[in-house]
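Printed here is model22.pdb (PDB, C-alpha atoms and all ligand atoms):
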ATOM      1  CA  MET A   1       8.468 -14.515   9.307  1.00  0.00           C
ATOM      2  CA  GLU A   2       5.334 -16.614   8.626  1.00  0.00           C
ATOM      3  CA  SER A   3       3.273 -13.963  10.409  1.00  0.00           C
ATOM      4  CA  GLN A   4       4.045 -11.594   7.527  1.00  0.00           C
ATOM      5  CA  ILE A   5       2.035 -13.761   5.083  1.00  0.00           C
ATOM      6  CA  PHE A   6      -1.712 -13.451   4.566  1.00  0.00           C
ATOM      7  CA  SER A   7      -3.799 -15.692   2.303  1.00  0.00           C
ATOM      8  CA  LEU A   8      -6.579 -14.371   0.084  1.00  0.00           C
ATOM      9  CA  THR A   9      -7.274 -17.694  -1.691  1.00  0.00           C
ATOM     10  CA  ASP A  10      -5.515 -21.083  -1.995  1.00  0.00           C
ATOM     11  CA  ARG A  11      -3.251 -19.614  -4.657  1.00  0.00           C
ATOM     12  CA  ILE A  12      -3.148 -15.907  -3.866  1.00  0.00           C
ATOM     13  CA  SER A  13      -1.420 -14.508  -0.804  1.00  0.00           C
ATOM     14  CA  TYR A  14       0.705 -11.537   0.144  1.00  0.00           C
ATOM     15  CA  TRP A  15       3.659 -10.569   2.297  1.00  0.00           C
ATOM     16  CA  LYS A  16       2.658  -7.555   4.346  1.00  0.00           C
ATOM     17  CA  ALA A  17       4.392  -4.194   3.942  1.00  0.00           C
ATOM     18  CA  THR A  18       6.628  -2.823   6.679  1.00  0.00           C
ATOM     19  CA  GLU A  19       7.229   0.823   7.598  1.00  0.00           C
ATOM     20  CA  ASN A  20      10.681   0.507   9.086  1.00  0.00           C
ATOM     21  CA  PRO A  21      12.393  -0.322   6.844  1.00  0.00           C
ATOM     22  CA  LEU A  22       9.902   0.961   4.253  1.00  0.00           C
ATOM     23  CA  SER A  23       9.092  -2.058   2.111  1.00  0.00           C
ATOM     24  CA  ALA A  24       5.923  -2.530   0.046  1.00  0.00           C
ATOM     25  CA  ASP A  25       3.402  -5.393   0.088  1.00  0.00           C
ATOM     26  CA  ILE A  26       4.356  -8.331  -2.128  1.00  0.00           C
ATOM     27  CA  GLY A  27       1.732 -10.411  -3.953  1.00  0.00           C
ATOM     28  CA  ILE A  28       2.537 -14.142  -4.147  1.00  0.00           C
ATOM     29  CA  LEU A  29       0.520 -15.982  -6.789  1.00  0.00           C
ATOM     30  CA  LYS A  30       0.824 -19.665  -7.521  1.00  0.00           C
ATOM     31  CA  GLY A  31       0.490 -20.312 -11.236  1.00  0.00           C
ATOM     32  CA  ALA A  32       0.570 -23.799 -12.774  1.00  0.00           C
ATOM     33  CA  ARG A  33       4.225 -23.498 -13.796  1.00  0.00           C
ATOM     34  CA  ASN A  34       5.597 -20.420 -12.021  1.00  0.00           C
ATOM     35  CA  THR A  35       5.268 -18.449  -8.823  1.00  0.00           C
ATOM     36  CA  TRP A  36       4.342 -14.888  -9.733  1.00  0.00           C
ATOM     37  CA  LEU A  37       5.481 -12.058  -7.474  1.00  0.00           C
ATOM     38  CA  PHE A  38       3.872  -8.629  -7.634  1.00  0.00           C
ATOM     39  CA  ASP A  39       6.576  -6.278  -6.366  1.00  0.00           C
ATOM     40  CA  VAL A  40       9.578  -7.535  -4.438  1.00  0.00           C
ATOM     41  CA  GLY A  41      10.006  -5.039  -1.593  1.00  0.00           C
ATOM     42  CA  SER A  42      13.237  -3.537  -0.336  1.00  0.00           C
ATOM     43  CA  SER A  43      13.938  -5.206   3.006  1.00  0.00           C
ATOM     44  CA  GLU A  44      16.497  -7.905   3.684  1.00  0.00           C
ATOM     45  CA  GLU A  45      13.763  -9.953   5.357  1.00  0.00           C
ATOM     46  CA  ALA A  46      11.575  -9.811   2.234  1.00  0.00           C
ATOM     47  CA  ALA A  47      14.508 -10.763  -0.026  1.00  0.00           C
ATOM     48  CA  VAL A  48      15.392 -13.791   2.115  1.00  0.00           C
ATOM     49  CA  PHE A  49      11.759 -14.879   2.189  1.00  0.00           C
ATOM     50  CA  LEU A  50      11.307 -14.549  -1.591  1.00  0.00           C
ATOM     51  CA  GLN A  51      14.532 -16.461  -2.228  1.00  0.00           C
ATOM     52  CA  SER A  52      13.185 -19.315  -0.083  1.00  0.00           C
ATOM     53  CA  LEU A  53      10.002 -19.758  -2.149  1.00  0.00           C
ATOM     54  CA  PRO A  54      10.078 -22.891  -4.315  1.00  0.00           C
ATOM     55  CA  GLY A  55       9.672 -22.954  -8.099  1.00  0.00           C
ATOM     56  CA  GLU A  56      10.514 -20.600 -10.938  1.00  0.00           C
ATOM     57  CA  LYS A  57       9.564 -16.965 -10.414  1.00  0.00           C
ATOM     58  CA  ILE A  58       7.993 -14.363 -12.637  1.00  0.00           C
ATOM     59  CA  LEU A  59       8.337 -10.817 -11.316  1.00  0.00           C
ATOM     60  CA  VAL A  60       5.846  -8.019 -11.957  1.00  0.00           C
ATOM     61  CA  LEU A  61       6.832  -4.537 -10.749  1.00  0.00           C
ATOM     62  CA  SER A  62       4.077  -1.982 -10.045  1.00  0.00           C
ATOM     63  CA  HIS A  63       6.221   1.163 -10.362  1.00  0.00           C
ATOM     64  CA  PHE A  64       9.799   2.308  -9.970  1.00  0.00           C
ATOM     65  CA  HIS A  65       9.842   3.436  -6.311  1.00  0.00           C
ATOM     66  CA  PRO A  66      12.580   1.717  -4.279  1.00  0.00           C
ATOM     67  CA  ASP A  67      10.278   0.269  -1.581  1.00  0.00           C
ATOM     68  CA  HIS A  68       8.653  -1.787  -4.386  1.00  0.00           C
ATOM     69  CA  ILE A  69      11.570  -2.834  -6.593  1.00  0.00           C
ATOM     70  CA  THR A  70      14.902  -2.795  -4.714  1.00  0.00           C
ATOM     71  CA  ASN A  71      15.104  -6.578  -4.283  1.00  0.00           C
ATOM     72  CA  TRP A  72      14.408  -7.433  -7.937  1.00  0.00           C
ATOM     73  CA  SER A  73      17.953  -8.493  -8.916  1.00  0.00           C
ATOM     74  CA  ARG A  74      18.300 -10.663  -5.804  1.00  0.00           C
ATOM     75  CA  ILE A  75      15.370 -12.920  -6.754  1.00  0.00           C
ATOM     76  CA  PRO A  76      16.274 -15.458  -9.464  1.00  0.00           C
ATOM     77  CA  HIS A  77      13.540 -15.215 -12.114  1.00  0.00           C
ATOM     78  CA  ARG A  78      12.668 -16.384 -15.604  1.00  0.00           C
ATOM     79  CA  GLU A  79      10.798 -13.210 -16.558  1.00  0.00           C
ATOM     80  CA  LEU A  80      10.349  -9.642 -15.359  1.00  0.00           C
ATOM     81  CA  TYR A  81       7.362  -7.480 -16.418  1.00  0.00           C
ATOM     82  CA  GLN A  82       7.151  -3.731 -15.825  1.00  0.00           C
ATOM     83  CA  GLY A  83       6.208  -0.386 -17.349  1.00  0.00           C
ATOM     84  CA  ALA A  84       8.718   1.652 -19.370  1.00  0.00           C
ATOM     85  CA  ASN A  85       9.637   3.978 -16.485  1.00  0.00           C
ATOM     86  CA  THR A  86      10.459   1.051 -14.218  1.00  0.00           C
ATOM     87  CA  TYR A  87      12.515  -0.502 -17.028  1.00  0.00           C
ATOM     88  CA  GLY A  88      14.615   2.676 -16.843  1.00  0.00           C
ATOM     89  CA  TYR A  89      15.781   1.420 -13.430  1.00  0.00           C
ATOM     90  CA  THR A  90      16.077  -2.341 -14.021  1.00  0.00           C
ATOM     91  CA  LYS A  91      17.278  -2.297 -17.674  1.00  0.00           C
ATOM     92  CA  SER A  92      16.105  -5.903 -17.747  1.00  0.00           C
ATOM     93  CA  GLY A  93      13.071  -7.973 -18.725  1.00  0.00           C
ATOM     94  CA  THR A  94       9.977  -6.959 -20.691  1.00  0.00           C
ATOM     95  CA  ILE A  95       8.108  -3.655 -20.937  1.00  0.00           C
ATOM     96  CA  ILE A  96       4.314  -3.952 -20.830  1.00  0.00           C
ATOM     97  CA  ASP A  97       2.896  -1.015 -22.818  1.00  0.00           C
ATOM     98  CA  LYS A  98      -0.512  -2.488 -23.609  1.00  0.00           C
ATOM     99  CA  GLU A  99      -2.743  -4.839 -21.695  1.00  0.00           C
ATOM    100  CA  GLN A 100      -1.924  -8.488 -21.942  1.00  0.00           C
ATOM    101  CA  THR A 101      -3.225 -11.722 -20.424  1.00  0.00           C
ATOM    102  CA  ILE A 102      -0.852 -14.603 -19.725  1.00  0.00           C
ATOM    103  CA  GLU A 103      -2.255 -18.026 -18.869  1.00  0.00           C
ATOM    104  CA  ASP A 104      -0.408 -20.009 -16.198  1.00  0.00           C
ATOM    105  CA  GLY A 105      -3.070 -22.004 -14.376  1.00  0.00           C
ATOM    106  CA  LEU A 106      -4.614 -18.663 -13.487  1.00  0.00           C
ATOM    107  CA  SER A 107      -5.171 -15.801 -15.963  1.00  0.00           C
ATOM    108  CA  PHE A 108      -2.614 -13.084 -15.253  1.00  0.00           C
ATOM    109  CA  HIS A 109      -3.997  -9.814 -16.651  1.00  0.00           C
ATOM    110  CA  LEU A 110      -1.317  -7.094 -16.879  1.00  0.00           C
ATOM    111  CA  VAL A 111      -2.591  -3.550 -17.528  1.00  0.00           C
ATOM    112  CA  PRO A 112      -0.644  -0.264 -17.804  1.00  0.00           C
ATOM    113  CA  LEU A 113      -2.237   2.228 -15.404  1.00  0.00           C
ATOM    114  CA  PRO A 114      -2.052   6.042 -15.628  1.00  0.00           C
ATOM    115  CA  SER A 115      -1.264   7.327 -12.123  1.00  0.00           C
ATOM    116  CA  SER A 116      -0.490  10.621 -10.394  1.00  0.00           C
ATOM    117  CA  HIS A 117       1.718   8.759  -7.919  1.00  0.00           C
ATOM    118  CA  ALA A 118       4.236   7.326 -10.388  1.00  0.00           C
ATOM    119  CA  LYS A 119       4.596   7.431 -14.140  1.00  0.00           C
ATOM    120  CA  GLY A 120       4.291   4.099 -15.919  1.00  0.00           C
ATOM    121  CA  SER A 121       2.471   2.111 -13.245  1.00  0.00           C
ATOM    122  CA  LEU A 122       1.308  -1.419 -13.970  1.00  0.00           C
ATOM    123  CA  LEU A 123      -1.513  -3.407 -12.372  1.00  0.00           C
ATOM    124  CA  LEU A 124      -2.038  -7.144 -12.148  1.00  0.00           C
ATOM    125  CA  GLU A 125      -5.557  -8.582 -12.128  1.00  0.00           C
ATOM    126  CA  VAL A 126      -5.908 -12.230 -11.094  1.00  0.00           C
ATOM    127  CA  GLU A 127      -9.262 -13.852 -10.392  1.00  0.00           C
ATOM    128  CA  ASP A 128     -11.164 -11.484  -8.087  1.00  0.00           C
ATOM    129  CA  TYR A 129      -8.154  -9.357  -7.075  1.00  0.00           C
ATOM    130  CA  VAL A 130      -6.303  -6.406  -8.571  1.00  0.00           C
ATOM    131  CA  PHE A 131      -2.820  -5.631  -7.283  1.00  0.00           C
ATOM    132  CA  LEU A 132      -2.363  -1.867  -7.677  1.00  0.00           C
ATOM    133  CA  GLY A 133       0.785  -1.015  -5.760  1.00  0.00           C
ATOM    134  CA  ASP A 134       0.582   2.724  -4.955  1.00  0.00           C
ATOM    135  CA  ALA A 135      -1.158   3.733  -8.207  1.00  0.00           C
ATOM    136  CA  THR A 136      -4.285   5.227  -6.603  1.00  0.00           C
ATOM    137  CA  TYR A 137      -2.294   7.519  -4.303  1.00  0.00           C
ATOM    138  CA  CYS A 138      -1.453  11.149  -4.912  1.00  0.00           C
ATOM    139  CA  THR A 139       1.945  12.718  -5.387  1.00  0.00           C
ATOM    140  CA  ARG A 140       3.582  15.733  -3.720  1.00  0.00           C
ATOM    141  CA  LYS A 141       4.222  18.851  -5.701  1.00  0.00           C
ATOM    142  CA  LYS A 142       5.112  22.515  -5.285  1.00  0.00           C
ATOM    143  CA  LEU A 143       2.371  24.245  -7.250  1.00  0.00           C
ATOM    144  CA  SER A 144       4.020  27.650  -7.432  1.00  0.00           C
ATOM    145  CA  ALA A 145       7.301  28.100  -9.267  1.00  0.00           C
ATOM    146  CA  VAL A 146       7.449  31.667  -7.921  1.00  0.00           C
ATOM    147  CA  SER A 147       7.223  31.254  -4.158  1.00  0.00           C
ATOM    148  CA  MET A 148      10.239  29.452  -2.675  1.00  0.00           C
ATOM    149  CA  GLU A 149       8.497  28.927   0.654  1.00  0.00           C
ATOM    150  CA  GLN A 150       5.571  27.055  -0.782  1.00  0.00           C
ATOM    151  CA  PRO A 151       5.341  23.564   0.676  1.00  0.00           C
ATOM    152  CA  PHE A 152       4.963  20.337  -1.275  1.00  0.00           C
ATOM    153  CA  LEU A 153       1.234  19.710  -1.459  1.00  0.00           C
ATOM    154  CA  PRO A 154      -0.498  16.349  -1.902  1.00  0.00           C
ATOM    155  CA  VAL A 155      -2.052  16.501  -5.369  1.00  0.00           C
ATOM    156  CA  TYR A 156      -3.602  14.462  -8.164  1.00  0.00           C
ATOM    157  CA  ASN A 157      -3.140  15.346 -11.812  1.00  0.00           C
ATOM    158  CA  ALA A 158      -6.761  15.642 -13.011  1.00  0.00           C
ATOM    159  CA  GLN A 159      -6.137  14.213 -16.496  1.00  0.00           C
ATOM    160  CA  LEU A 160      -4.189  11.204 -15.190  1.00  0.00           C
ATOM    161  CA  LEU A 161      -6.838  10.620 -12.531  1.00  0.00           C
ATOM    162  CA  LYS A 162      -9.565  10.599 -15.195  1.00  0.00           C
ATOM    163  CA  GLU A 163      -7.630   8.076 -17.289  1.00  0.00           C
ATOM    164  CA  GLU A 164      -6.891   5.952 -14.231  1.00  0.00           C
ATOM    165  CA  ILE A 165     -10.577   5.819 -13.232  1.00  0.00           C
ATOM    166  CA  GLU A 166     -11.479   4.690 -16.772  1.00  0.00           C
ATOM    167  CA  VAL A 167      -9.006   1.793 -16.600  1.00  0.00           C
ATOM    168  CA  LEU A 168     -10.139   0.734 -13.114  1.00  0.00           C
ATOM    169  CA  LYS A 169     -13.806   0.797 -14.149  1.00  0.00           C
ATOM    170  CA  LYS A 170     -13.197  -1.605 -17.037  1.00  0.00           C
ATOM    171  CA  LEU A 171     -11.674  -4.336 -14.848  1.00  0.00           C
ATOM    172  CA  ARG A 172     -13.771  -7.294 -13.706  1.00  0.00           C
ATOM    173  CA  ALA A 173     -12.331  -8.190 -10.297  1.00  0.00           C
ATOM    174  CA  ARG A 174     -14.324  -7.331  -7.201  1.00  0.00           C
ATOM    175  CA  TYR A 175     -11.395  -6.284  -4.989  1.00  0.00           C
ATOM    176  CA  VAL A 176      -8.390  -3.999  -5.277  1.00  0.00           C
ATOM    177  CA  LEU A 177      -5.280  -4.309  -3.121  1.00  0.00           C
ATOM    178  CA  LEU A 178      -3.638  -1.059  -2.005  1.00  0.00           C
ATOM    179  CA  SER A 179      -0.029  -1.231  -0.865  1.00  0.00           C
ATOM    180  CA  HIS A 180       0.981   0.214   2.547  1.00  0.00           C
ATOM    181  CA  ASP A 181      -2.710   0.334   3.489  1.00  0.00           C
ATOM    182  CA  GLU A 182      -3.484  -1.399   6.780  1.00  0.00           C
ATOM    183  CA  ALA A 183      -6.720  -2.825   5.350  1.00  0.00           C
ATOM    184  CA  PHE A 184      -4.992  -3.686   2.005  1.00  0.00           C
ATOM    185  CA  CYS A 185      -8.088  -5.276   0.416  1.00  0.00           C
ATOM    186  CA  HIS A 186     -10.899  -2.943  -0.682  1.00  0.00           C
ATOM    187  CA  GLU A 187     -14.014  -3.180  -2.867  1.00  0.00           C
ATOM    188  CA  ARG A 188     -13.018  -1.923  -6.322  1.00  0.00           C
ATOM    189  CA  LYS A 189     -16.325  -0.098  -6.651  1.00  0.00           C
ATOM    190  CA  GLU A 190     -15.712   1.889  -3.464  1.00  0.00           C
ATOM    191  CA  VAL A 191     -12.180   2.877  -4.436  1.00  0.00           C
ATOM    192  CA  VAL A 192     -13.421   4.034  -7.864  1.00  0.00           C
ATOM    193  CA  GLU A 193     -16.138   6.094  -6.140  1.00  0.00           C
ATOM    194  CA  GLU A 194     -13.550   7.733  -3.881  1.00  0.00           C
ATOM    195  CA  LEU A 195     -11.388   8.623  -6.881  1.00  0.00           C
ATOM    196  CA  GLU A 196     -14.434   9.999  -8.732  1.00  0.00           C
ATOM    197  CA  GLN A 197     -15.206  12.093  -5.671  1.00  0.00           C
ATOM    198  CA  ILE A 198     -11.701  13.587  -5.847  1.00  0.00           C
ATOM    199  CA  TYR A 199     -11.987  14.089  -9.624  1.00  0.00           C
ATOM    200  CA  SER A 200     -15.250  15.992  -9.141  1.00  0.00           C
ATOM    201  CA  ARG A 201     -13.301  18.664  -7.218  1.00  0.00           C
ATOM    202  CA  ARG A 202     -11.122  19.593 -10.235  1.00  0.00           C
ATOM    203  CA  ARG A 203     -10.988  23.234 -11.311  1.00  0.00           C
ATOM    204  CA  LYS A 204     -10.630  24.777 -14.734  1.00  0.00           C
ATOM    205  CA  ASP A 205      -7.641  27.003 -13.891  1.00  0.00           C
ATOM    206  CA  THR A 206      -5.236  24.255 -12.797  1.00  0.00           C
ATOM    207  CA  PRO A 207      -4.329  20.707 -13.865  1.00  0.00           C
ATOM    208  CA  TYR A 208      -3.935  19.689 -10.195  1.00  0.00           C
ATOM    209  CA  ILE A 209      -6.403  18.711  -7.510  1.00  0.00           C
ATOM    210  CA  VAL A 210      -5.061  19.360  -4.011  1.00  0.00           C
ATOM    211  CA  VAL A 211      -6.179  16.764  -1.460  1.00  0.00           C
ATOM    212  CA  GLU A 212      -6.122  16.708   2.327  1.00  0.00           C
ATOM    213  CA  GLU A 213      -3.560  14.026   2.965  1.00  0.00           C
ATOM    214  CA  GLU A 214      -1.529  11.369   1.222  1.00  0.00           C
ATOM    215  CA  GLY A 215      -3.530   8.380   0.054  1.00  0.00           C
TER     216      GLY A 215
HETATM  217 ZN    ZN B 301       5.301   4.532  -4.607  1.00  0.00          ZN
END

What does this structure look like when you write it as structure tokens?
Amino acid sequence: MESQIFSLTDRISYWKATENPLSADIGILKGARNTWLFDVGSSEEAAVFLQSLPGEKILVLSHFHPDHITNWSRIPHRELYQGANTYGYTKSGTIIDKEQTIEDGLSFHLVPLPSSHAKGSLLLEVEDYVFLGDATYCTRKKLSAVSMEQPFLPVYNAQLLKEEIEVLKKLRARYVLLSHDEAFCHERKEVVEELEQIYSRRRKDTPYIVVEEEG
């Protein structure tokens, strides 16, 4: 189980995502008083591991998809932070609807993040790292209501993408952490440039930008 954990700094590490079962990356951040968890995954293995961590826990959920939040009620915690859409699933804890910084040895910067992937996403910036969950990914959508045969296409909503880029540009951290991504840690500047590249392909006649593949 130890092989699932990767350290970024003395106080910031993560539990790596798995594909089968599908369970997202989990940030593990050691504050002065609490252990902060960014997402809690969905696998039994992740739940058992999180339960074994010492100290009081504060949970932060990136978005409402099950591979990120399923284990939340199995992890004893003193606080739970999430966006309004995720609260619709947990019915527990605190909704973060504007950015907020909480001091606990480290500065925990919580920021609502517009995202095509999931409504009501939330990011966590700590020191030089930004945990993003899946927020920079696209979604899948049938663009034609008329044709039944039309497949689900990978798309970004141009307006949401524009707002998301603006939020990401204002952060200070050097790196962003992208869940399910083999490399996980990326330069924030490069990810913003990639998103701007996608945004530049928007067209006037549609709110959606179709991309090649997921992510
Ligand atoms: Zn997701």

Mind dumping a table of every chain A residue within 8 Å of ligand ZN 301 (chain B), with the nearest atom pair and its distance in Å to one decimal, using only C-alpha atoms and all ligand atoms, sorted by chain and rising number, as a Markdown table?
| residue | atom | partner | partner_atom | distance |
| --- | --- | --- | --- | --- |
| A:His63 | CA | B:ZN301 | ZN | 6.7 |
| A:Phe64 | CA | B:ZN301 | ZN | 7.3 |
| A:His65 | CA | B:ZN301 | ZN | 5.0 |
| A:Pro66 | CA | B:ZN301 | ZN | 7.8 |
| A:Asp67 | CA | B:ZN301 | ZN | 7.2 |
| A:His68 | CA | B:ZN301 | ZN | 7.2 |
| A:His117 | CA | B:ZN301 | ZN | 6.5 |
| A:Ala118 | CA | B:ZN301 | ZN | 6.5 |
| A:Gly133 | CA | B:ZN301 | ZN | 7.2 |
| A:Asp134 | CA | B:ZN301 | ZN | 5.1 |
| A:Ala135 | CA | B:ZN301 | ZN | 7.4 |

Residue by residue, what does the PyMOL selection byres (((chain A and resi 8) around 12) and not hetatm) grab here? Present the result as a PyMOL selection string. chain A and resi 5-7+9-15+27-30+126-130+175-177+184-185

Name the closest residue to Val40 of chain A among the candidates A:Lys170, A:Trp72, A:Glu56, A:Leu22; distances are taken between atoms, counting only C-alpha atoms.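 Comparing A:Lys170, A:Trp72, A:Glu56, A:Leu22 against Val40 of chain A, the winner is A:Trp72.
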
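In this model, the gap between atom CA of Glu103 of chain A and atom CA of Arg33 of chain A comes to 9.9 Å.
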
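Atom CA of Ala173 of chain A sits 26.0 Å away from atom CA of Leu50 of chain A.
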
Find the residues near Leu113 of chain A: any atom within 12 Å, counting all atoms listed in the file, skip ones fewer than 5 places away on the same chain, and give them as a VMD selection string. chain A and resid 62 to 63 82 to 84 96 to 99 118 to 125 130 to 136 160 to 171

What's around Arg78 of chain A at 10 Å? Count all atoms listed in the file, leave out sequence neighbours fewer than 5 positions away in its own chain, and write the answer as a list in words.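 Result of the neighbour search: Asn34, Glu56, Lys57, Ile58, Leu59 and Gly93 of chain A.
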
Give me the result of the PyMOL selection byres (((chain A and resi 45) around 12) and not hetatm) on this file, residue by residue, as an NGL selection string. :A and (1-2 or 4 or 15-18 or 20-23 or 40-44 or 46-52 or 71)

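If you look at atom CA of Thr70 of chain A and atom CA of Ser92 of chain A, they are 13.5 Å away from each other.
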
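Closest approach to Ser73 of chain A among A:Gln150, A:Ser200, A:Thr90, A:Thr139 is made by A:Thr90 (distances from only C-alpha atoms).
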
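Once Phe38 of chain A and its same-chain neighbours fewer than 2 positions away are set aside, Ile26, Gly27, Val60 and Leu61 of chain A remain within 6 Å of it when counting all atoms listed in the file.
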
Using all atoms listed in the file, which of the listed residues (A:Cys138, A:Arg74, A:Asn85, A:Asp181) sits closest to Pro112 of chain A?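 Between A:Cys138, A:Arg74, A:Asn85, A:Asp181, the residue approaching Pro112 of chain A most closely is A:Asn85.
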
Nearest to Leu178 of chain A by atom-to-atom distance, counting only C-alpha atoms, from A:Leu143, A:Tyr137, A:Pro151, A:Thr94: A:Tyr137

Mind working out the centre and edge lengths of an axis-aligned box for segment 69-85 of chain A, all listed atoms inside, 8 Å added to each side, rounded to one decimal in Å and written as JSON?
{"center_x": 12.3, "center_y": -6.2, "center_z": -11.8, "size_x": 28.1, "size_y": 36.4, "size_z": 31.1}

From the set A:Asp25, A:Lys91, A:Gln159, A:Ile198, which residue has the shortest atom-to-atom contact distance to Ala183 of chain A, counting only C-alpha atoms?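 Between A:Asp25, A:Lys91, A:Gln159, A:Ile198, the residue approaching Ala183 of chain A most closely is A:Asp25.
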